[in-house]
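Novice: Dropping in run.txt, which is compact mmCIF, C-alpha atoms and all ligand atoms:
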# COMPACT_ATOMS: atom_id res chain seq x y z
CA MET A 1 2.62 -7.17 -11.64
CA ILE A 2 0.12 -7.52 -8.81
CA VAL A 3 0.60 -6.01 -5.33
CA ILE A 4 -1.11 -7.83 -2.44
CA THR A 5 -1.25 -6.30 1.05
CA GLY A 6 -2.04 -8.50 4.05
CA ALA A 7 -0.29 -11.33 2.17
CA SER A 8 1.39 -12.83 5.24
CA SER A 9 -1.87 -14.52 6.28
CA GLY A 10 -5.46 -15.45 5.44
CA LEU A 11 -7.11 -14.09 2.31
CA GLY A 12 -4.04 -12.14 1.10
CA ALA A 13 -1.83 -15.25 1.29
CA ALA A 14 -4.51 -17.33 -0.49
CA LEU A 15 -4.80 -14.72 -3.27
CA ALA A 16 -1.02 -14.77 -3.68
CA LYS A 17 -1.14 -18.56 -4.24
CA CYS A 18 -4.07 -18.19 -6.64
CA TYR A 19 -2.46 -15.51 -8.83
CA ALA A 20 0.92 -17.28 -8.80
CA GLN A 21 -0.81 -20.18 -10.61
CA ASP A 22 -1.30 -17.77 -13.54
CA ASN A 23 2.40 -16.92 -13.42
CA GLU A 24 1.79 -13.34 -12.40
CA ALA A 25 4.72 -11.39 -10.94
CA LEU A 26 3.74 -10.65 -7.32
CA PHE A 27 4.76 -8.04 -4.78
CA LEU A 28 3.60 -9.14 -1.33
CA ASN A 29 3.25 -7.05 1.82
CA GLY A 30 2.71 -7.84 5.48
CA ARG A 31 4.16 -6.74 8.82
CA ASN A 32 5.43 -10.08 10.12
CA ALA A 33 8.62 -10.77 8.13
CA GLN A 34 8.77 -14.46 9.03
CA ARG A 35 5.20 -15.23 8.00
CA LEU A 36 5.49 -13.13 4.84
CA ASP A 37 8.70 -14.92 3.79
CA ARG A 38 7.08 -18.30 4.47
CA VAL A 39 4.17 -17.43 2.16
CA ALA A 40 6.53 -16.09 -0.54
CA HIS A 41 8.74 -19.20 -0.39
CA GLN A 42 5.81 -21.63 -0.54
CA ILE A 43 4.65 -20.16 -3.84
CA GLN A 44 5.80 -21.89 -7.01
CA SER A 45 6.02 -19.48 -9.92
CA LYS A 46 8.12 -18.77 -12.98
CA LYS A 47 7.68 -15.05 -12.34
CA PRO A 48 9.34 -13.03 -9.53
CA ILE A 49 7.70 -13.07 -6.09
CA GLN A 50 8.93 -10.17 -3.95
CA ALA A 51 8.13 -9.67 -0.27
CA HIS A 52 8.20 -6.27 1.41
CA VAL A 53 7.57 -5.74 5.11
CA ALA A 54 5.73 -2.50 5.95
CA ASN A 55 3.24 -1.27 8.49
CA LEU A 56 0.69 0.40 6.24
CA SER A 57 -0.50 2.80 8.92
CA VAL A 58 2.91 4.52 8.81
CA PRO A 59 3.27 7.00 5.90
CA ASN A 60 7.05 6.51 5.42
CA GLU A 61 6.67 2.75 5.29
CA ILE A 62 4.02 3.06 2.57
CA LYS A 63 6.28 5.37 0.59
CA GLY A 64 9.09 2.79 0.98
CA LEU A 65 6.80 0.05 -0.31
CA PHE A 66 5.78 1.99 -3.42
CA ASP A 67 9.40 3.11 -4.02
CA ALA A 68 10.42 -0.58 -4.01
CA LEU A 69 7.96 -1.57 -6.76
CA PRO A 70 9.93 -2.52 -9.87
CA GLN A 71 7.17 -1.22 -12.17
CA ALA A 72 3.66 0.22 -12.09
CA PRO A 73 1.33 -2.58 -10.96
CA LYS A 74 -1.76 -3.52 -12.98
CA MET A 75 -3.66 -4.42 -9.81
CA LEU A 76 -3.37 -3.79 -6.07
CA LEU A 77 -5.34 -6.12 -3.79
CA HIS A 78 -5.64 -4.44 -0.39
CA CYS A 79 -6.41 -7.24 2.08
CA ALA A 80 -4.59 -5.87 5.14
CA GLY A 81 -6.91 -5.32 8.08
CA SER A 82 -7.76 -6.52 11.56
CA GLY A 83 -10.79 -7.04 13.79
CA LEU A 84 -11.96 -6.13 17.27
CA PHE A 85 -15.18 -7.43 18.76
CA GLY A 86 -17.26 -7.37 21.91
CA PRO A 87 -19.50 -4.87 23.71
CA ILE A 88 -18.14 -1.35 23.21
CA ALA A 89 -17.94 -0.73 26.97
CA GLU A 90 -15.41 -3.56 27.21
CA GLN A 91 -13.12 -2.49 24.35
CA ASP A 92 -9.69 -1.07 25.21
CA PRO A 93 -9.16 2.42 23.68
CA ASN A 94 -5.64 1.44 22.57
CA GLU A 95 -7.03 -1.56 20.71
CA ILE A 96 -9.69 0.67 19.13
CA LYS A 97 -6.92 3.00 17.93
CA GLN A 98 -5.06 0.03 16.43
CA LEU A 99 -8.25 -1.11 14.71
CA ILE A 100 -8.62 2.35 13.15
CA ASP A 101 -4.94 2.39 12.12
CA ASN A 102 -5.01 -1.08 10.53
CA ASN A 103 -8.28 -0.60 8.68
CA VAL A 104 -8.94 3.09 8.02
CA THR A 105 -5.56 4.86 8.19
CA ALA A 106 -3.80 2.08 6.25
CA CYS A 107 -6.44 2.04 3.52
CA ILE A 108 -6.51 5.83 3.16
CA LEU A 109 -2.71 6.01 2.93
CA VAL A 110 -2.39 3.08 0.49
CA LEU A 111 -5.04 4.48 -1.85
CA GLN A 112 -3.59 7.99 -1.54
CA GLU A 113 -0.09 6.84 -2.51
CA ALA A 114 -1.36 4.66 -5.37
CA ILE A 115 -3.47 7.50 -6.77
CA LYS A 116 -0.63 10.04 -6.39
CA ARG A 117 1.69 7.83 -8.42
CA TYR A 118 -0.59 6.13 -10.93
CA LYS A 119 -3.52 8.47 -11.53
CA ASN A 120 -3.09 8.21 -15.28
CA LYS A 121 -2.48 4.45 -15.41
CA PRO A 122 -5.05 1.66 -15.83
CA LEU A 123 -4.62 0.41 -12.27
CA THR A 124 -7.27 -1.72 -10.56
CA LEU A 125 -7.50 -1.08 -6.81
CA VAL A 126 -9.33 -3.90 -5.04
CA VAL A 127 -10.31 -3.06 -1.46
CA VAL A 128 -11.35 -5.88 0.86
CA MET A 129 -13.85 -4.70 3.46
CA SER A 130 -16.43 -7.02 5.06
CA SER A 131 -20.13 -7.80 5.13
CA ALA A 132 -19.86 -5.65 8.30
CA ALA A 133 -19.57 -2.64 5.93
CA GLN A 134 -23.06 -3.45 4.62
CA THR A 135 -24.98 -4.65 7.68
CA ALA A 136 -24.80 -3.49 11.29
CA LYS A 137 -23.95 -6.25 13.74
CA ALA A 138 -24.32 -6.31 17.53
CA ASN A 139 -20.99 -6.38 19.41
CA GLU A 140 -19.16 -5.39 16.22
CA SER A 141 -19.71 -1.62 16.55
CA THR A 142 -16.12 -0.43 16.13
CA TYR A 143 -15.42 -3.03 13.40
CA CYS A 144 -18.56 -1.89 11.52
CA ALA A 145 -17.41 1.73 12.01
CA VAL A 146 -14.01 1.20 10.38
CA LYS A 147 -15.37 -0.86 7.50
CA TRP A 148 -18.17 1.68 6.85
CA ALA A 149 -15.50 4.40 6.85
CA VAL A 150 -13.60 2.57 4.12
CA LYS A 151 -16.82 2.17 2.13
CA GLY A 152 -17.35 5.95 2.36
CA LEU A 153 -13.77 6.55 1.28
CA ILE A 154 -14.17 4.38 -1.80
CA SER A 155 -17.54 5.88 -2.78
CA ALA A 156 -16.08 9.40 -2.68
CA LEU A 157 -12.86 8.42 -4.48
CA ARG A 158 -14.80 6.83 -7.30
CA LEU A 159 -16.36 10.24 -7.95
CA GLU A 160 -13.02 12.01 -7.63
CA LEU A 161 -11.41 9.58 -10.10
CA LYS A 162 -14.16 9.72 -12.72
CA SER A 163 -11.80 10.89 -15.45
CA SER A 164 -8.91 8.63 -14.36
CA PRO A 165 -8.33 5.11 -15.78
CA ILE A 166 -8.04 3.84 -12.18
CA LYS A 167 -10.87 1.49 -11.13
CA ILE A 168 -11.79 0.84 -7.50
CA ILE A 169 -13.44 -2.49 -6.73
CA ALA A 170 -15.19 -3.03 -3.40
CA VAL A 171 -15.18 -6.51 -1.85
CA TYR A 172 -17.49 -7.56 0.99
CA PRO A 173 -16.63 -11.05 2.31
CA GLY A 174 -18.58 -12.88 4.98
CA GLY A 175 -16.88 -15.02 7.65
CA MET A 176 -13.64 -16.76 6.70
CA ASN A 177 -11.73 -19.34 8.72
CA THR A 178 -8.46 -17.40 9.13
CA ASP A 179 -6.14 -16.07 11.85
CA PHE A 180 -8.32 -12.97 11.90
CA TRP A 181 -10.62 -14.43 14.58
CA PRO A 182 -8.10 -15.49 17.24
CA THR A 183 -6.45 -12.04 16.95
CA SER A 184 -9.77 -10.12 17.18
CA GLY A 185 -10.89 -11.12 20.64
CA LYS A 186 -13.93 -13.09 19.49
CA ALA A 187 -13.86 -16.71 20.59
CA LEU A 188 -16.01 -18.73 18.21
CA ASP A 189 -15.86 -21.91 16.18
CA THR A 190 -15.04 -20.82 12.61
CA SER A 191 -14.48 -24.30 11.19
CA SER A 192 -17.64 -24.03 9.05
CA PHE A 193 -16.71 -20.56 7.74
CA MET A 194 -15.36 -20.14 4.20
CA GLN A 195 -11.73 -21.15 3.73
CA ALA A 196 -9.43 -18.37 2.50
CA ASP A 197 -8.55 -20.46 -0.57
CA GLU A 198 -12.24 -20.71 -1.55
CA VAL A 199 -12.76 -16.97 -1.18
CA ALA A 200 -9.58 -16.21 -3.13
CA TYR A 201 -10.77 -18.50 -5.95
CA MET A 202 -14.23 -16.85 -6.09
CA LEU A 203 -12.79 -13.35 -5.89
CA LYS A 204 -10.32 -14.00 -8.69
CA GLN A 205 -13.19 -15.24 -10.89
CA ALA A 206 -15.17 -12.07 -10.14
CA LEU A 207 -12.26 -9.74 -10.90
CA ILE A 208 -12.76 -10.00 -14.62
CA SER A 209 -13.36 -7.05 -16.90
CA SER A 210 -14.14 -6.36 -20.53
CA ASP A 211 -13.20 -3.39 -22.72
CA ASN A 212 -16.22 -1.45 -21.52
CA GLY A 213 -17.12 -2.87 -18.14
CA TYR A 214 -16.04 -4.50 -14.89
CA ILE A 215 -17.63 -5.91 -11.73
CA SER A 216 -17.44 -3.03 -9.28
CA ASP A 217 -18.89 -4.48 -6.05
CA ILE A 218 -18.39 -8.06 -4.93
CA SER A 219 -20.22 -9.69 -1.99
CA ILE A 220 -18.99 -13.16 -1.05
CA ASP A 221 -21.38 -14.80 1.39
CA ARG A 222 -21.25 -17.94 3.45
CA GLY A 223 -23.75 -20.56 2.44
N1 LIG A 301 -11.72 -13.52 8.43
C1 LIG A 301 -12.96 -13.06 8.28
O1 LIG A 301 -13.95 -13.68 8.71
C2 LIG A 301 -13.19 -11.77 7.52
C3 LIG A 301 -14.50 -11.51 7.09
C4 LIG A 301 -14.75 -10.36 6.38
C5 LIG A 301 -13.71 -9.48 6.10
N2 LIG A 301 -12.46 -9.74 6.53
C6 LIG A 301 -11.42 -8.78 6.18
O2 LIG A 301 -10.59 -9.39 5.22
C7 LIG A 301 -9.25 -8.86 5.34
C8 LIG A 301 -8.28 -10.03 5.47
O3 LIG A 301 -8.60 -10.71 6.66
P1 LIG A 301 -8.02 -12.18 6.97
O4 LIG A 301 -9.17 -12.98 7.44
O5 LIG A 301 -7.18 -12.66 5.86
O6 LIG A 301 -7.15 -11.82 8.28
P2 LIG A 301 -5.71 -12.29 8.75
O7 LIG A 301 -5.47 -13.72 8.41
O8 LIG A 301 -5.62 -11.88 10.18
O9 LIG A 301 -4.71 -11.39 7.87
C9 LIG A 301 -4.65 -10.00 8.03
C10 LIG A 301 -3.45 -9.47 7.26
O10 LIG A 301 -3.44 -8.03 7.35
C11 LIG A 301 -2.12 -7.63 7.69
N3 LIG A 301 -2.16 -6.35 8.38
C12 LIG A 301 -2.99 -5.95 9.38
N4 LIG A 301 -2.71 -4.69 9.74
C13 LIG A 301 -1.68 -4.27 8.95
C14 LIG A 301 -0.93 -3.09 8.85
N5 LIG A 301 -1.17 -2.03 9.66
N6 LIG A 301 0.07 -3.01 7.92
C15 LIG A 301 0.33 -4.05 7.11
N7 LIG A 301 -0.35 -5.22 7.16
C16 LIG A 301 -1.33 -5.33 8.08
C17 LIG A 301 -1.57 -8.76 8.55
O11 LIG A 301 -0.17 -8.67 8.57
P3 LIG A 301 0.76 -9.34 9.72
O12 LIG A 301 0.05 -10.57 10.20
O13 LIG A 301 2.04 -9.64 8.98
O14 LIG A 301 0.90 -8.34 10.79
C18 LIG A 301 -2.10 -9.98 7.78
O15 LIG A 301 -1.29 -10.26 6.67
C19 LIG A 301 -9.28 -7.91 6.54
O16 LIG A 301 -9.46 -6.59 6.05
C20 LIG A 301 -10.52 -8.35 7.31
O17 LIG A 301 -11.09 -7.26 8.04
C21 LIG A 301 -12.17 -10.88 7.24
For this file, produce the structure as structure tokens.

Specialist:
Amino acid sequence: MIVITGASSGLGAALAKCYAQDNEALFLNGRNAQRLDRVAHQIQSKKPIQAHVANLSVPNEIKGLFDALPQAPKMLLHCAGSGLFGPIAEQDPNEIKQLIDNNVTACILVLQEAIKRYKNKPLTLVVVMSSAAQTAKANESTYCAVKWAVKGLISALRLELKSSPIKIIAVYPGGMNTDFWPTSGKALDTSSFMQADEVAYMLKQALISSDNGYISDISIDRG
């Protein structure tokens, strides 16, 4: 079974479609129940597709999500996240707090709960960050800050989990044409950006492993 967070929209929804083609049992998460159900119902699969609404920045809701899993997953794709852009002087402190909650708090709590429960299982944790975790960008200061924080989290956890069968895979996508932009306060034409389906297809190809190795860091650039 594969767990996908942020599956009500964008990359998470596209990954759900992609993995359903392989008849994988899926457990999908988002906050917006209507959108999440729409994604789950659009997917054709012979295996169960479950949808679970939870705000991942709330500890009890994360616990509820993991309690609802019918079995230990083999992979968790953490796509949930949000953006906030513009000069720092113009950013609303409440929106900055939300940005931190959706990107840093949610990721810390999801990884914490997964590691608590499955430390001795061969679980692959795939964490979607951004090219903004690799390169500083003007007018993206707080977005860079949260994505760099997640990169730091992953780097330290990899060391902590050295003797565990858990693998953590870091993903750094460039611009995608998703709902992310209209909700992030950056008005720009994203029609030439990568489509979520293309990125999902490339990411799935890269998430291969052999008995003795796997691809640990994945950059997906526009071009
Ligand atoms: N689009 C880009 O250009 C781009 C580029 C690089 C990296 N990224 C990153 O890629 C990831 C996916 O982005 P996307 O483009 O697919 O964006 P999107 O279409 O806006 O989807 C974001 C998803 O995250 C969920 N989410 C956000 N905060 C959450 C929370 N606190 N709890 C649970 N779910 C939450 C949303 O759920 P609801 O809608 O149900 O609330 C939605 O399903 C994000 O981490 C983003 O930072 C995006």

Novice: Considering only C-alpha atoms, return as a PyMOL selection string whatever protein or nucleic-acid residues lie within 9 Å of segment 68-72 of chain A, sequence-local ones (same chain, fewer than 2 positions apart) excluded.

Specialist: chain A and resi 1+3+27+52+63-66+74-75+117-118+121+123

Novice: When you look at Lys147 of chain A with a cut-off of 10 Å (counting all atoms listed in the file), what residues show up, excluding the ones that are within fewer than 5 positions of it in the same chain? I need them as a PyMOL selection string.

Specialist: chain A and resi 81+83+100+103-104+128-134+142+152-153+172

Novice: What are the centre and the three edge lengths of an axis-aligned box that wraps all atoms of ligand LIG 301 (chain A) in the file, given that 3 Å is added to every side, written as AutoDock Vina command-line options and rounded to one decimal in Å?

Specialist:
--center_x -6.4 --center_y -7.9 --center_z 8.0 --size_x 22.8 --size_y 17.7 --size_z 11.6

Novice: Quick one: distance from atom CA of Gly86 of chain A to atom CA of Gly223 of chain A in Å, one decimal?

Specialist: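 Separation between atom CA of Gly86 of chain A and atom CA of Gly223 of chain A: 24.4 Å.
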
Novice: Around (4.2, -10.0, 5.3) in the file's own coordinates, what residues are found within 9 Å if you use all atoms listed in the file, given back as a compact mmCIF listing (two decimals) with C-alpha atoms, in the frame of the given file?

Specialist:
# COMPACT_ATOMS: atom_id res chain seq x y z
CA THR A 5 -1.25 -6.30 1.05
CA GLY A 6 -2.04 -8.50 4.05
CA ALA A 7 -0.29 -11.33 2.17
CA SER A 8 1.39 -12.83 5.24
CA SER A 9 -1.87 -14.52 6.28
CA ALA A 13 -1.83 -15.25 1.29
CA LEU A 28 3.60 -9.14 -1.33
CA ASN A 29 3.25 -7.05 1.82
CA GLY A 30 2.71 -7.84 5.48
CA ARG A 31 4.16 -6.74 8.82
CA ASN A 32 5.43 -10.08 10.12
CA ALA A 33 8.62 -10.77 8.13
CA GLN A 34 8.77 -14.46 9.03
CA ARG A 35 5.20 -15.23 8.00
CA LEU A 36 5.49 -13.13 4.84
CA ASP A 37 8.70 -14.92 3.79
CA ARG A 38 7.08 -18.30 4.47
CA VAL A 39 4.17 -17.43 2.16
CA ALA A 40 6.53 -16.09 -0.54
CA ALA A 51 8.13 -9.67 -0.27
CA HIS A 52 8.20 -6.27 1.41
CA VAL A 53 7.57 -5.74 5.11
CA ALA A 54 5.73 -2.50 5.95

Novice: Nearest to Ser45 of chain A among A:His78, A:Lys17, A:Lys137, A:Lys151, with distances taken over all atoms listed in the file: which residue is it?

Specialist: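 So, comparing all the options, the nearest one is A:Lys17.
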
Novice: Please list as a PDB file with C-alpha atoms, in the coordinates of the input every residue within 9 Å of Val110 of chain A, counting only C-alpha atoms and excluding residues in the same chain fewer than 2 positions away.

Specialist:
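Final output, saved to selection_38.pdb:
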ATOM      1  CA  LEU A  56       0.690   0.400   6.240  1.00  0.00           C
ATOM      2  CA  SER A  57      -0.500   2.800   8.920  1.00  0.00           C
ATOM      3  CA  PRO A  59       3.270   7.000   5.900  1.00  0.00           C
ATOM      4  CA  ILE A  62       4.020   3.060   2.570  1.00  0.00           C
ATOM      5  CA  LYS A  63       6.280   5.370   0.590  1.00  0.00           C
ATOM      6  CA  HIS A  78      -5.640  -4.440  -0.390  1.00  0.00           C
ATOM      7  CA  THR A 105      -5.560   4.860   8.190  1.00  0.00           C
ATOM      8  CA  ALA A 106      -3.800   2.080   6.250  1.00  0.00           C
ATOM      9  CA  CYS A 107      -6.440   2.040   3.520  1.00  0.00           C
ATOM     10  CA  ILE A 108      -6.510   5.830   3.160  1.00  0.00           C
ATOM     11  CA  GLN A 112      -3.590   7.990  -1.540  1.00  0.00           C
ATOM     12  CA  GLU A 113      -0.090   6.840  -2.510  1.00  0.00           C
ATOM     13  CA  ALA A 114      -1.360   4.660  -5.370  1.00  0.00           C
ATOM     14  CA  ILE A 115      -3.470   7.500  -6.770  1.00  0.00           C
TER      15      ILE A 115
END

Novice: Report, in Å to a single decimal, how far apart atom CA of Ile215 of chain A and atom CA of Glu140 of chain A are.

Specialist: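 Separation of atom CA of Glu140 of chain A and atom CA of Ile215 of chain A: 28.0 Å.
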
Novice: List the neighbours of Trp181 of chain A out to 12 Å using all atoms listed in the file; skip same-chain residues closer than 2 positions along the sequence, and give me the result as a VMD selection string.

Specialist: chain A and resid 10 81 to 85 175 to 179 183 to 191 193

Novice: For Leu99 of chain A, which of A:Ile154, A:Ser141, A:Val146, A:Lys116 is the closest residue, counting only C-alpha atoms?

Specialist: A:Val146

Novice: Quick one: distance from atom CA of Pro122 of chain A to atom CA of Leu76 of chain A in Å, one decimal?

Specialist: 11.3 Å

Novice: Which residue gives the smallest distance to ligand LIG 301 (chain A) among A:Gln91, A:Gln205, A:Gln44, A:Ser192, with all atoms listed in the file counted?

Specialist: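 The closest residue to ligand LIG 301 (chain A) is A:Ser192.
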
Novice: Calculated over all atoms listed in the file, which of the candidates A:Ile49, A:Ile169, A:Leu11, A:Val127 has the smallest distance to Leu26 of chain A?

Specialist: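 Nearest candidate to Leu26 of chain A out of A:Ile49, A:Ile169, A:Leu11, A:Val127: A:Ile49.
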
Novice: For Glu198 of chain A, which of A:Asp221, A:Asp92, A:Asp211, A:Asp67 is the closest residue, counting only C-alpha atoms?

Specialist: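 Closest to Glu198 of chain A, using only C-alpha atoms: A:Asp221.
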
Novice: Smallest atom-to-atom distance to ligand LIG 301 (chain A): which of A:Leu111, A:Ala138, A:Leu77, A:Ile208, using all atoms listed in the file?

Specialist: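 Once distances to ligand LIG 301 (chain A) are computed over all atoms listed in the file, the minimum belongs to A:Leu77.
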
Novice: Hey, what's within 8 Å of Ile220 of chain A if we count only C-alpha atoms and toss same-chain stuff fewer than 6 positions away? As a short mmCIF file (atom, residue, chain, number, x, y, z; two decimals) with C-alpha atoms, in the coordinates of the input, please?

Specialist:
data_model
loop_
_atom_site.label_atom_id
_atom_site.label_comp_id
_atom_site.auth_asym_id
_atom_site.auth_seq_id
_atom_site.Cartn_x
_atom_site.Cartn_y
_atom_site.Cartn_z
CA VAL A 171 -15.18 -6.51 -1.85
CA TYR A 172 -17.49 -7.56 0.99
CA PRO A 173 -16.63 -11.05 2.31
CA GLY A 174 -18.58 -12.88 4.98
CA VAL A 199 -12.76 -16.97 -1.18
CA MET A 202 -14.23 -16.85 -6.09
CA LEU A 203 -12.79 -13.35 -5.89
#

Novice: May I ask you to restore N, CA and C atoms in segment 26-56 of chain A and write the result as a PDB file, in the coordinates of the input?

Specialist:
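Below is the file rebuild_18.pdb, written as the result:
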ATOM      1  N   LEU A  26       4.462 -11.089  -8.524  1.00  0.00           N
ATOM      2  CA  LEU A  26       3.740 -10.650  -7.320  1.00  0.00           C
ATOM      3  C   LEU A  26       4.652  -9.834  -6.411  1.00  0.00           C
ATOM      4  N   PHE A  27       4.057  -8.856  -5.772  1.00  0.00           N
ATOM      5  CA  PHE A  27       4.760  -8.040  -4.780  1.00  0.00           C
ATOM      6  C   PHE A  27       3.904  -8.108  -3.516  1.00  0.00           C
ATOM      7  N   LEU A  28       4.413  -8.819  -2.508  1.00  0.00           N
ATOM      8  CA  LEU A  28       3.600  -9.140  -1.330  1.00  0.00           C
ATOM      9  C   LEU A  28       4.000  -8.294  -0.130  1.00  0.00           C
ATOM     10  N   ASN A  29       2.996  -7.865   0.612  1.00  0.00           N
ATOM     11  CA  ASN A  29       3.250  -7.050   1.820  1.00  0.00           C
ATOM     12  C   ASN A  29       2.592  -7.663   3.052  1.00  0.00           C
ATOM     13  N   GLY A  30       3.261  -7.498   4.178  1.00  0.00           N
ATOM     14  CA  GLY A  30       2.710  -7.840   5.480  1.00  0.00           C
ATOM     15  C   GLY A  30       3.597  -7.152   6.516  1.00  0.00           C
ATOM     16  N   ARG A  31       3.283  -7.330   7.799  1.00  0.00           N
ATOM     17  CA  ARG A  31       4.160  -6.740   8.820  1.00  0.00           C
ATOM     18  C   ARG A  31       5.108  -7.777   9.398  1.00  0.00           C
ATOM     19  N   ASN A  32       4.630  -9.022   9.491  1.00  0.00           N
ATOM     20  CA  ASN A  32       5.430 -10.080  10.120  1.00  0.00           C
ATOM     21  C   ASN A  32       6.347 -10.705   9.056  1.00  0.00           C
ATOM     22  N   ALA A  33       7.653 -10.381   9.164  1.00  0.00           N
ATOM     23  CA  ALA A  33       8.620 -10.770   8.130  1.00  0.00           C
ATOM     24  C   ALA A  33       8.685 -12.290   7.957  1.00  0.00           C
ATOM     25  N   GLN A  34       8.651 -12.998   9.094  1.00  0.00           N
ATOM     26  CA  GLN A  34       8.770 -14.460   9.030  1.00  0.00           C
ATOM     27  C   GLN A  34       7.611 -15.085   8.272  1.00  0.00           C
ATOM     28  N   ARG A  35       6.401 -14.657   8.648  1.00  0.00           N
ATOM     29  CA  ARG A  35       5.200 -15.230   8.000  1.00  0.00           C
ATOM     30  C   ARG A  35       5.153 -14.843   6.530  1.00  0.00           C
ATOM     31  N   LEU A  36       5.537 -13.597   6.230  1.00  0.00           N
ATOM     32  CA  LEU A  36       5.490 -13.130   4.840  1.00  0.00           C
ATOM     33  C   LEU A  36       6.489 -13.928   3.988  1.00  0.00           C
ATOM     34  N   ASP A  37       7.698 -14.150   4.526  1.00  0.00           N
ATOM     35  CA  ASP A  37       8.700 -14.920   3.790  1.00  0.00           C
ATOM     36  C   ASP A  37       8.229 -16.353   3.579  1.00  0.00           C
ATOM     37  N   ARG A  38       7.570 -16.923   4.598  1.00  0.00           N
ATOM     38  CA  ARG A  38       7.080 -18.300   4.470  1.00  0.00           C
ATOM     39  C   ARG A  38       6.090 -18.390   3.312  1.00  0.00           C
ATOM     40  N   VAL A  39       5.170 -17.427   3.251  1.00  0.00           N
ATOM     41  CA  VAL A  39       4.170 -17.430   2.160  1.00  0.00           C
ATOM     42  C   VAL A  39       4.897 -17.292   0.822  1.00  0.00           C
ATOM     43  N   ALA A  40       5.840 -16.337   0.735  1.00  0.00           N
ATOM     44  CA  ALA A  40       6.530 -16.090  -0.540  1.00  0.00           C
ATOM     45  C   ALA A  40       7.304 -17.329  -0.988  1.00  0.00           C
ATOM     46  N   HIS A  41       7.927 -18.040  -0.020  1.00  0.00           N
ATOM     47  CA  HIS A  41       8.740 -19.200  -0.390  1.00  0.00           C
ATOM     48  C   HIS A  41       7.902 -20.413  -0.755  1.00  0.00           C
ATOM     49  N   GLN A  42       6.672 -20.469  -0.232  1.00  0.00           N
ATOM     50  CA  GLN A  42       5.810 -21.630  -0.540  1.00  0.00           C
ATOM     51  C   GLN A  42       5.251 -21.547  -1.955  1.00  0.00           C
ATOM     52  N   ILE A  43       5.283 -20.345  -2.534  1.00  0.00           N
ATOM     53  CA  ILE A  43       4.650 -20.160  -3.840  1.00  0.00           C
ATOM     54  C   ILE A  43       5.591 -20.601  -4.955  1.00  0.00           C
ATOM     55  N   GLN A  44       5.036 -21.435  -5.842  1.00  0.00           N
ATOM     56  CA  GLN A  44       5.800 -21.890  -7.010  1.00  0.00           C
ATOM     57  C   GLN A  44       5.401 -20.990  -8.174  1.00  0.00           C
ATOM     58  N   SER A  45       6.362 -20.335  -8.787  1.00  0.00           N
ATOM     59  CA  SER A  45       6.020 -19.480  -9.920  1.00  0.00           C
ATOM     60  C   SER A  45       7.250 -19.264 -10.787  1.00  0.00           C
ATOM     61  N   LYS A  46       6.987 -19.068 -12.086  1.00  0.00           N
ATOM     62  CA  LYS A  46       8.120 -18.770 -12.980  1.00  0.00           C
ATOM     63  C   LYS A  46       8.432 -17.281 -12.942  1.00  0.00           C
ATOM     64  N   LYS A  47       7.505 -16.507 -12.396  1.00  0.00           N
ATOM     65  CA  LYS A  47       7.680 -15.050 -12.340  1.00  0.00           C
ATOM     66  C   LYS A  47       8.183 -14.625 -10.953  1.00  0.00           C
ATOM     67  N   PRO A  48       8.818 -13.441 -10.838  1.00  0.00           N
ATOM     68  CA  PRO A  48       9.340 -13.030  -9.530  1.00  0.00           C
ATOM     69  C   PRO A  48       8.255 -12.849  -8.471  1.00  0.00           C
ATOM     70  N   ILE A  49       8.572 -13.298  -7.254  1.00  0.00           N
ATOM     71  CA  ILE A  49       7.700 -13.070  -6.090  1.00  0.00           C
ATOM     72  C   ILE A  49       8.538 -12.250  -5.107  1.00  0.00           C
ATOM     73  N   GLN A  50       8.189 -11.003  -4.896  1.00  0.00           N
ATOM     74  CA  GLN A  50       8.930 -10.170  -3.950  1.00  0.00           C
ATOM     75  C   GLN A  50       8.120  -9.969  -2.687  1.00  0.00           C
ATOM     76  N   ALA A  51       8.815  -9.905  -1.555  1.00  0.00           N
ATOM     77  CA  ALA A  51       8.130  -9.670  -0.270  1.00  0.00           C
ATOM     78  C   ALA A  51       8.669  -8.384   0.339  1.00  0.00           C
ATOM     79  N   HIS A  52       7.777  -7.555   0.836  1.00  0.00           N
ATOM     80  CA  HIS A  52       8.200  -6.270   1.410  1.00  0.00           C
ATOM     81  C   HIS A  52       7.440  -6.034   2.713  1.00  0.00           C
ATOM     82  N   VAL A  53       8.192  -5.965   3.801  1.00  0.00           N
ATOM     83  CA  VAL A  53       7.570  -5.740   5.110  1.00  0.00           C
ATOM     84  C   VAL A  53       7.299  -4.252   5.295  1.00  0.00           C
ATOM     85  N   ALA A  54       6.070  -3.902   5.644  1.00  0.00           N
ATOM     86  CA  ALA A  54       5.730  -2.500   5.950  1.00  0.00           C
ATOM     87  C   ALA A  54       4.469  -2.450   6.775  1.00  0.00           C
ATOM     88  N   ASN A  55       4.473  -1.558   7.753  1.00  0.00           N
ATOM     89  CA  ASN A  55       3.240  -1.270   8.490  1.00  0.00           C
ATOM     90  C   ASN A  55       2.513  -0.175   7.720  1.00  0.00           C
ATOM     91  N   LEU A  56       1.371  -0.513   7.167  1.00  0.00           N
ATOM     92  CA  LEU A  56       0.690   0.400   6.240  1.00  0.00           C
ATOM     93  C   LEU A  56       0.003   1.577   6.925  1.00  0.00           C
TER      94      LEU A  56
END
